[in-house]
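Trainee: This is the structure, below, for whatever I ask next.
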Amino acid sequence: MVSQATYDLVLHQDADPTTSGVAICGFSTVGMVGVIAASHVIRQLNLNQLGTVLNPEFPAMALVHHEVPKHPVRVYQGDGVGVFTAEVRFGPERDVLFANTVLDWFTKGGFDQLIVIDGVARENMDDREDSLYGVSSSPEGRARLKKAGIEPVRQGIVAGIAGYLIAEGDRLGLDVTAILADCNPMYPDARAAALAIEAVTDITGIDIPLSSLLEDARKIEDSVREVFENSQ
C-alpha cells in the first residue's frame, strides 16, 4: 500500500477511477520520449480524460490542444488502459512526489501492470541505430521483456521517476516495467517514442498504430536539420 506523500489527483465529475489492465506513464524528460509516447497512445486509443493532478507549486498555465485548454498533468482511461502524463518539465526535486502519485493512481485504479516509458541520452550522436532497453520489478515482467526480445538492463542505474517506480515496484511487490529508448537529448525524439510504443504493443498485445508518429518524427528531423544547416 502506498502511504508516501503524493500530489492531489482531482477526478472529473462522474469519473470512475477503477479499471483493470495496463497503466502507462510518460513524463517530459530526456528527448521528451515519455510524453510523446503517452500523448500518442491517448490519441490513437481515443482515451477519455479522467482527472487532473494539481498542486499550488505547479506553474500557472494552460496547454491548449485543438482549441481546448488543459492542465499540464493529467490522467486518462479507456477500456483496459490508463495513461498518466505530464506535458511540462519539472525539476528533479519533484520526481519522488510524482512517482508516488503515479503509484497511488496505479494501485487505487486496480491495474495489473505499470509501464513507464522514458528516454536515455544516446552516447554517440553519430550512431543512428535505435536501441531499446527494459527493466522490470517482477519475474512476469522480466519474462515479457525476454519474450518481446527487449534487451534487459543487467547492471547499472536507472535515474529519475522511472528508476524510483521500478524500485518501489520491487519493494511493494508490484508489476512495474520501464521501457528505455535511446534518444537524442537535444530535441523531441519522436522516432525513439515510436520504438518504445512498438515495445508496449509487443509486451501487452494492445494495437497502437504508429504511422502518424513516424510522420511526426520525419518532420522533427527535417526541422532540426534545416536549423543546423542554416546555422552553418
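Just so we're on the same page: first chain in the C-alpha cells is A, next is B, and so on; residues restart at 1 for each chain, and ligands are numbered from 1 in the order they show up.
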So which bits of segment 73-149 of chain A end up strand (DSSP E) when you DSSP the backbone, as a PyMOL selection string?
Mentor: chain A and resi 73-78+81-86+113-121+132-136
Trainee: For the residues selected in the previous step, produce a file with N, CA and C atoms as a PDB file, in the first residue's frame.
Mentor:
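File out.pdb, as written:
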ATOM      1  N   VAL A  73      -0.659  18.285 -16.188  1.00  0.00           N
ATOM      2  CA  VAL A  73      -0.510  16.920 -15.655  1.00  0.00           C
ATOM      3  C   VAL A  73      -1.889  16.276 -15.580  1.00  0.00           C
ATOM      4  N   ARG A  74      -2.081  15.191 -16.325  1.00  0.00           N
ATOM      5  CA  ARG A  74      -3.424  14.631 -16.467  1.00  0.00           C
ATOM      6  C   ARG A  74      -3.391  13.097 -16.467  1.00  0.00           C
ATOM      7  N   VAL A  75      -4.549  12.501 -16.186  1.00  0.00           N
ATOM      8  CA  VAL A  75      -4.695  11.049 -16.309  1.00  0.00           C
ATOM      9  C   VAL A  75      -5.863  10.741 -17.239  1.00  0.00           C
ATOM     10  N   TYR A  76      -5.701   9.667 -18.001  1.00  0.00           N
ATOM     11  CA  TYR A  76      -6.715   9.234 -18.963  1.00  0.00           C
ATOM     12  C   TYR A  76      -6.999   7.752 -18.743  1.00  0.00           C
ATOM     13  N   GLN A  77      -8.207   7.334 -19.100  1.00  0.00           N
ATOM     14  CA  GLN A  77      -8.533   5.909 -19.046  1.00  0.00           C
ATOM     15  C   GLN A  77      -9.475   5.522 -20.165  1.00  0.00           C
ATOM     16  N   GLY A  78      -9.345   4.270 -20.564  1.00  0.00           N
ATOM     17  CA  GLY A  78     -10.226   3.685 -21.568  1.00  0.00           C
ATOM     18  C   GLY A  78     -10.465   2.234 -21.200  1.00  0.00           C
ATOM     19  N   VAL A  81      -7.029   0.299 -20.345  1.00  0.00           N
ATOM     20  CA  VAL A  81      -5.802   1.077 -20.484  1.00  0.00           C
ATOM     21  C   VAL A  81      -5.943   2.397 -19.732  1.00  0.00           C
ATOM     22  N   GLY A  82      -4.888   2.778 -19.029  1.00  0.00           N
ATOM     23  CA  GLY A  82      -4.838   4.092 -18.402  1.00  0.00           C
ATOM     24  C   GLY A  82      -3.518   4.759 -18.727  1.00  0.00           C
ATOM     25  N   VAL A  83      -3.521   6.091 -18.822  1.00  0.00           N
ATOM     26  CA  VAL A  83      -2.290   6.833 -19.124  1.00  0.00           C
ATOM     27  C   VAL A  83      -2.164   8.016 -18.168  1.00  0.00           C
ATOM     28  N   PHE A  84      -0.955   8.167 -17.625  1.00  0.00           N
ATOM     29  CA  PHE A  84      -0.602   9.302 -16.754  1.00  0.00           C
ATOM     30  C   PHE A  84       0.470  10.093 -17.489  1.00  0.00           C
ATOM     31  N   THR A  85       0.236  11.391 -17.714  1.00  0.00           N
ATOM     32  CA  THR A  85       1.199  12.176 -18.487  1.00  0.00           C
ATOM     33  C   THR A  85       1.407  13.556 -17.884  1.00  0.00           C
ATOM     34  N   ALA A  86       2.630  14.077 -18.030  1.00  0.00           N
ATOM     35  CA  ALA A  86       2.959  15.447 -17.616  1.00  0.00           C
ATOM     36  C   ALA A  86       3.635  16.128 -18.795  1.00  0.00           C
ATOM     37  N   GLN A 113      -0.580  -4.064 -14.465  1.00  0.00           N
ATOM     38  CA  GLN A 113       0.831  -3.761 -14.669  1.00  0.00           C
ATOM     39  C   GLN A 113       1.006  -2.300 -15.045  1.00  0.00           C
ATOM     40  N   LEU A 114       2.159  -1.747 -14.671  1.00  0.00           N
ATOM     41  CA  LEU A 114       2.503  -0.362 -14.981  1.00  0.00           C
ATOM     42  C   LEU A 114       3.717  -0.354 -15.902  1.00  0.00           C
ATOM     43  N   ILE A 115       3.618   0.376 -17.013  1.00  0.00           N
ATOM     44  CA  ILE A 115       4.736   0.526 -17.943  1.00  0.00           C
ATOM     45  C   ILE A 115       5.149   1.991 -17.964  1.00  0.00           C
ATOM     46  N   VAL A 116       6.421   2.231 -17.637  1.00  0.00           N
ATOM     47  CA  VAL A 116       6.978   3.581 -17.639  1.00  0.00           C
ATOM     48  C   VAL A 116       7.823   3.741 -18.900  1.00  0.00           C
ATOM     49  N   ILE A 117       7.519   4.754 -19.705  1.00  0.00           N
ATOM     50  CA  ILE A 117       8.284   4.998 -20.928  1.00  0.00           C
ATOM     51  C   ILE A 117       9.197   6.197 -20.690  1.00  0.00           C
ATOM     52  N   ASP A 118      10.478   6.031 -20.995  1.00  0.00           N
ATOM     53  CA  ASP A 118      11.430   7.110 -20.772  1.00  0.00           C
ATOM     54  C   ASP A 118      12.531   7.039 -21.827  1.00  0.00           C
ATOM     55  N   GLY A 119      13.276   8.126 -21.937  1.00  0.00           N
ATOM     56  CA  GLY A 119      14.396   8.169 -22.864  1.00  0.00           C
ATOM     57  C   GLY A 119      15.719   8.145 -22.119  1.00  0.00           C
ATOM     58  N   VAL A 120      16.736   7.620 -22.766  1.00  0.00           N
ATOM     59  CA  VAL A 120      18.108   7.703 -22.247  1.00  0.00           C
ATOM     60  C   VAL A 120      18.962   8.328 -23.342  1.00  0.00           C
ATOM     61  N   ALA A 121      19.817   9.265 -22.946  1.00  0.00           N
ATOM     62  CA  ALA A 121      20.607  10.003 -23.924  1.00  0.00           C
ATOM     63  C   ALA A 121      21.550   9.069 -24.676  1.00  0.00           C
ATOM     64  N   LEU A 132      16.865  -0.148 -27.534  1.00  0.00           N
ATOM     65  CA  LEU A 132      15.788  -0.161 -26.544  1.00  0.00           C
ATOM     66  C   LEU A 132      16.189  -1.090 -25.412  1.00  0.00           C
ATOM     67  N   TYR A 133      15.894  -0.676 -24.187  1.00  0.00           N
ATOM     68  CA  TYR A 133      16.242  -1.476 -23.016  1.00  0.00           C
ATOM     69  C   TYR A 133      15.016  -1.595 -22.109  1.00  0.00           C
ATOM     70  N   GLY A 134      15.025  -2.609 -21.277  1.00  0.00           N
ATOM     71  CA  GLY A 134      13.902  -2.799 -20.363  1.00  0.00           C
ATOM     72  C   GLY A 134      14.361  -3.275 -18.996  1.00  0.00           C
ATOM     73  N   VAL A 135      13.621  -2.875 -17.973  1.00  0.00           N
ATOM     74  CA  VAL A 135      13.837  -3.346 -16.604  1.00  0.00           C
ATOM     75  C   VAL A 135      12.461  -3.574 -16.000  1.00  0.00           C
ATOM     76  N   SER A 136      12.297  -4.667 -15.268  1.00  0.00           N
ATOM     77  CA  SER A 136      11.012  -4.923 -14.633  1.00  0.00           C
ATOM     78  C   SER A 136      11.194  -5.364 -13.186  1.00  0.00           C
TER      79      SER A 136
END
Trainee: Please extract the residues of segment 12-97 of chain A with a backbone DSSP assignment of alpha helix (DSSP H) and present them as a list in words.
Mentor: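 So, restricting segment 12-97 of chain A to alpha helix (DSSP H), we get Val33, Gly34, Val35, Ile36, Ala37, Ala38, Ser39, His40, Val41, Ile42, Arg43, Gln44, Asp95, Val96 and Leu97 of chain A.
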Trainee: Take the residues that were just selected and, keeping N, CA, C and O atoms, output them as a PDB file, in the first residue's frame.
Mentor:
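Output file selection_2.pdb follows:
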ATOM      1  N   VAL A  33      10.708  11.643 -24.756  1.00  0.00           N
ATOM      2  CA  VAL A  33      10.232  10.348 -25.250  1.00  0.00           C
ATOM      3  C   VAL A  33       8.954   9.913 -24.536  1.00  0.00           C
ATOM      4  O   VAL A  33       7.980   9.477 -25.165  1.00  0.00           O
ATOM      5  N   GLY A  34       8.935  10.035 -23.198  1.00  0.00           N
ATOM      6  CA  GLY A  34       7.783   9.574 -22.434  1.00  0.00           C
ATOM      7  C   GLY A  34       6.516  10.326 -22.757  1.00  0.00           C
ATOM      8  O   GLY A  34       5.453   9.725 -22.968  1.00  0.00           O
ATOM      9  N   VAL A  35       6.595  11.651 -22.817  1.00  0.00           N
ATOM     10  CA  VAL A  35       5.382  12.451 -23.049  1.00  0.00           C
ATOM     11  C   VAL A  35       4.910  12.317 -24.497  1.00  0.00           C
ATOM     12  O   VAL A  35       3.694  12.304 -24.750  1.00  0.00           O
ATOM     13  N   ILE A  36       5.832  12.192 -25.457  1.00  0.00           N
ATOM     14  CA  ILE A  36       5.424  11.970 -26.850  1.00  0.00           C
ATOM     15  C   ILE A  36       4.688  10.636 -26.974  1.00  0.00           C
ATOM     16  O   ILE A  36       3.632  10.539 -27.607  1.00  0.00           O
ATOM     17  N   ALA A  37       5.250   9.600 -26.359  1.00  0.00           N
ATOM     18  CA  ALA A  37       4.623   8.272 -26.420  1.00  0.00           C
ATOM     19  C   ALA A  37       3.262   8.274 -25.743  1.00  0.00           C
ATOM     20  O   ALA A  37       2.283   7.748 -26.281  1.00  0.00           O
ATOM     21  N   ALA A  38       3.179   8.875 -24.553  1.00  0.00           N
ATOM     22  CA  ALA A  38       1.910   8.915 -23.816  1.00  0.00           C
ATOM     23  C   ALA A  38       0.834   9.656 -24.610  1.00  0.00           C
ATOM     24  O   ALA A  38      -0.315   9.202 -24.712  1.00  0.00           O
ATOM     25  N   SER A  39       1.209  10.791 -25.191  1.00  0.00           N
ATOM     26  CA  SER A  39       0.248  11.579 -25.971  1.00  0.00           C
ATOM     27  C   SER A  39      -0.242  10.796 -27.187  1.00  0.00           C
ATOM     28  O   SER A  39      -1.431  10.857 -27.540  1.00  0.00           O
ATOM     29  N   HIS A  40       0.660  10.058 -27.809  1.00  0.00           N
ATOM     30  CA  HIS A  40       0.279   9.268 -28.982  1.00  0.00           C
ATOM     31  C   HIS A  40      -0.687   8.140 -28.590  1.00  0.00           C
ATOM     32  O   HIS A  40      -1.671   7.893 -29.302  1.00  0.00           O
ATOM     33  N   VAL A  41      -0.418   7.473 -27.478  1.00  0.00           N
ATOM     34  CA  VAL A  41      -1.312   6.413 -27.017  1.00  0.00           C
ATOM     35  C   VAL A  41      -2.709   6.979 -26.729  1.00  0.00           C
ATOM     36  O   VAL A  41      -3.724   6.380 -27.098  1.00  0.00           O
ATOM     37  N   ILE A  42      -2.750   8.137 -26.068  1.00  0.00           N
ATOM     38  CA  ILE A  42      -4.041   8.780 -25.748  1.00  0.00           C
ATOM     39  C   ILE A  42      -4.839   9.048 -27.026  1.00  0.00           C
ATOM     40  O   ILE A  42      -6.041   8.757 -27.105  1.00  0.00           O
ATOM     41  N   ARG A  43      -4.156   9.596 -28.041  1.00  0.00           N
ATOM     42  CA  ARG A  43      -4.845   9.927 -29.300  1.00  0.00           C
ATOM     43  C   ARG A  43      -5.295   8.675 -30.047  1.00  0.00           C
ATOM     44  O   ARG A  43      -6.438   8.580 -30.487  1.00  0.00           O
ATOM     45  N   GLN A  44      -4.384   7.714 -30.183  1.00  0.00           N
ATOM     46  CA  GLN A  44      -4.687   6.546 -31.005  1.00  0.00           C
ATOM     47  C   GLN A  44      -5.765   5.653 -30.392  1.00  0.00           C
ATOM     48  O   GLN A  44      -6.547   5.033 -31.109  1.00  0.00           O
ATOM     49  N   ASP A  95      10.597  14.523  -8.447  1.00  0.00           N
ATOM     50  CA  ASP A  95      10.474  13.173  -9.016  1.00  0.00           C
ATOM     51  C   ASP A  95       9.792  12.185  -8.077  1.00  0.00           C
ATOM     52  O   ASP A  95       8.924  11.405  -8.495  1.00  0.00           O
ATOM     53  N   VAL A  96      10.176  12.196  -6.799  1.00  0.00           N
ATOM     54  CA  VAL A  96       9.611  11.217  -5.852  1.00  0.00           C
ATOM     55  C   VAL A  96       8.119  11.467  -5.654  1.00  0.00           C
ATOM     56  O   VAL A  96       7.321  10.521  -5.642  1.00  0.00           O
ATOM     57  N   LEU A  97       7.723  12.739  -5.528  1.00  0.00           N
ATOM     58  CA  LEU A  97       6.295  13.047  -5.363  1.00  0.00           C
ATOM     59  C   LEU A  97       5.498  12.621  -6.591  1.00  0.00           C
ATOM     60  O   LEU A  97       4.400  12.060  -6.467  1.00  0.00           O
TER      61      LEU A  97
END
Trainee: In terms of the shortest atom-to-atom distance over only C-alpha atoms, which of A:Val153, A:Val10, A:Leu195, A:Leu174 is closest to Leu50 of chain A?
Mentor: A:Val10
Trainee: Which residues of segment 46-157 of chain A come within 8 Å of segment 200-210 of chain A, and for each one, what is the closest pair of atoms and their distance in Å to one decimal, counting only C-alpha atoms, sorted by chain and residue number, as a tab-separated table?
Mentor:
residue	atom	partner	partner_atom	distance
A:Ile115	CA	A:Val200	CA	7.8
A:Arg144	CA	A:Ile203	CA	5.9
A:Leu145	CA	A:Ile203	CA	6.8
A:Ala148	CA	A:Asp202	CA	5.8
Trainee: Those same residues, written as a JSON list (two decimals), in the first residue's frame with all heavy atoms?
Mentor:
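Written out: out_20.json:
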[["chain", "number", "residue", "atom", "x", "y", "z"],
["A", 115, "ILE", "N", 3.62, 0.38, -17.01],
["A", 115, "ILE", "CA", 4.74, 0.53, -17.94],
["A", 115, "ILE", "C", 5.15, 1.99, -17.96],
["A", 115, "ILE", "O", 4.34, 2.87, -18.25],
["A", 115, "ILE", "CB", 4.35, 0.06, -19.36],
["A", 115, "ILE", "CG1", 3.99, -1.43, -19.35],
["A", 115, "ILE", "CG2", 5.50, 0.32, -20.33],
["A", 115, "ILE", "CD1", 3.51, -1.96, -20.67],
["A", 144, "ARG", "N", 8.16, -11.15, -19.88],
["A", 144, "ARG", "CA", 7.54, -10.46, -21.03],
["A", 144, "ARG", "C", 8.60, -9.72, -21.85],
["A", 144, "ARG", "O", 8.54, -9.71, -23.08],
["A", 144, "ARG", "CB", 6.46, -9.48, -20.54],
["A", 144, "ARG", "CG", 5.17, -10.15, -20.08],
["A", 144, "ARG", "CD", 4.06, -9.14, -19.89],
["A", 144, "ARG", "NE", 4.32, -8.22, -18.80],
["A", 144, "ARG", "CZ", 3.91, -8.39, -17.54],
["A", 144, "ARG", "NH1", 3.20, -9.46, -17.23],
["A", 144, "ARG", "NH2", 4.18, -7.49, -16.62],
["A", 145, "LEU", "N", 9.54, -9.07, -21.17],
["A", 145, "LEU", "CA", 10.62, -8.38, -21.88],
["A", 145, "LEU", "C", 11.44, -9.36, -22.71],
["A", 145, "LEU", "O", 11.78, -9.08, -23.88],
["A", 145, "LEU", "CB", 11.53, -7.66, -20.88],
["A", 145, "LEU", "CG", 10.95, -6.42, -20.18],
["A", 145, "LEU", "CD1", 11.90, -5.94, -19.08],
["A", 145, "LEU", "CD2", 10.70, -5.30, -21.17],
["A", 148, "ALA", "N", 9.59, -10.52, -25.77],
["A", 148, "ALA", "CA", 9.49, -9.46, -26.77],
["A", 148, "ALA", "C", 10.84, -9.13, -27.40],
["A", 148, "ALA", "O", 10.92, -8.30, -28.31],
["A", 148, "ALA", "CB", 8.89, -8.20, -26.15]]
Trainee: Work out how far apart atom CA of Ala190 of chain A and atom CA of Ala217 of chain A are and give it in Å to one decimal.
Mentor: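 Atom-to-atom, atom CA of Ala190 of chain A to atom CA of Ala217 of chain A, that is 4.7 Å.
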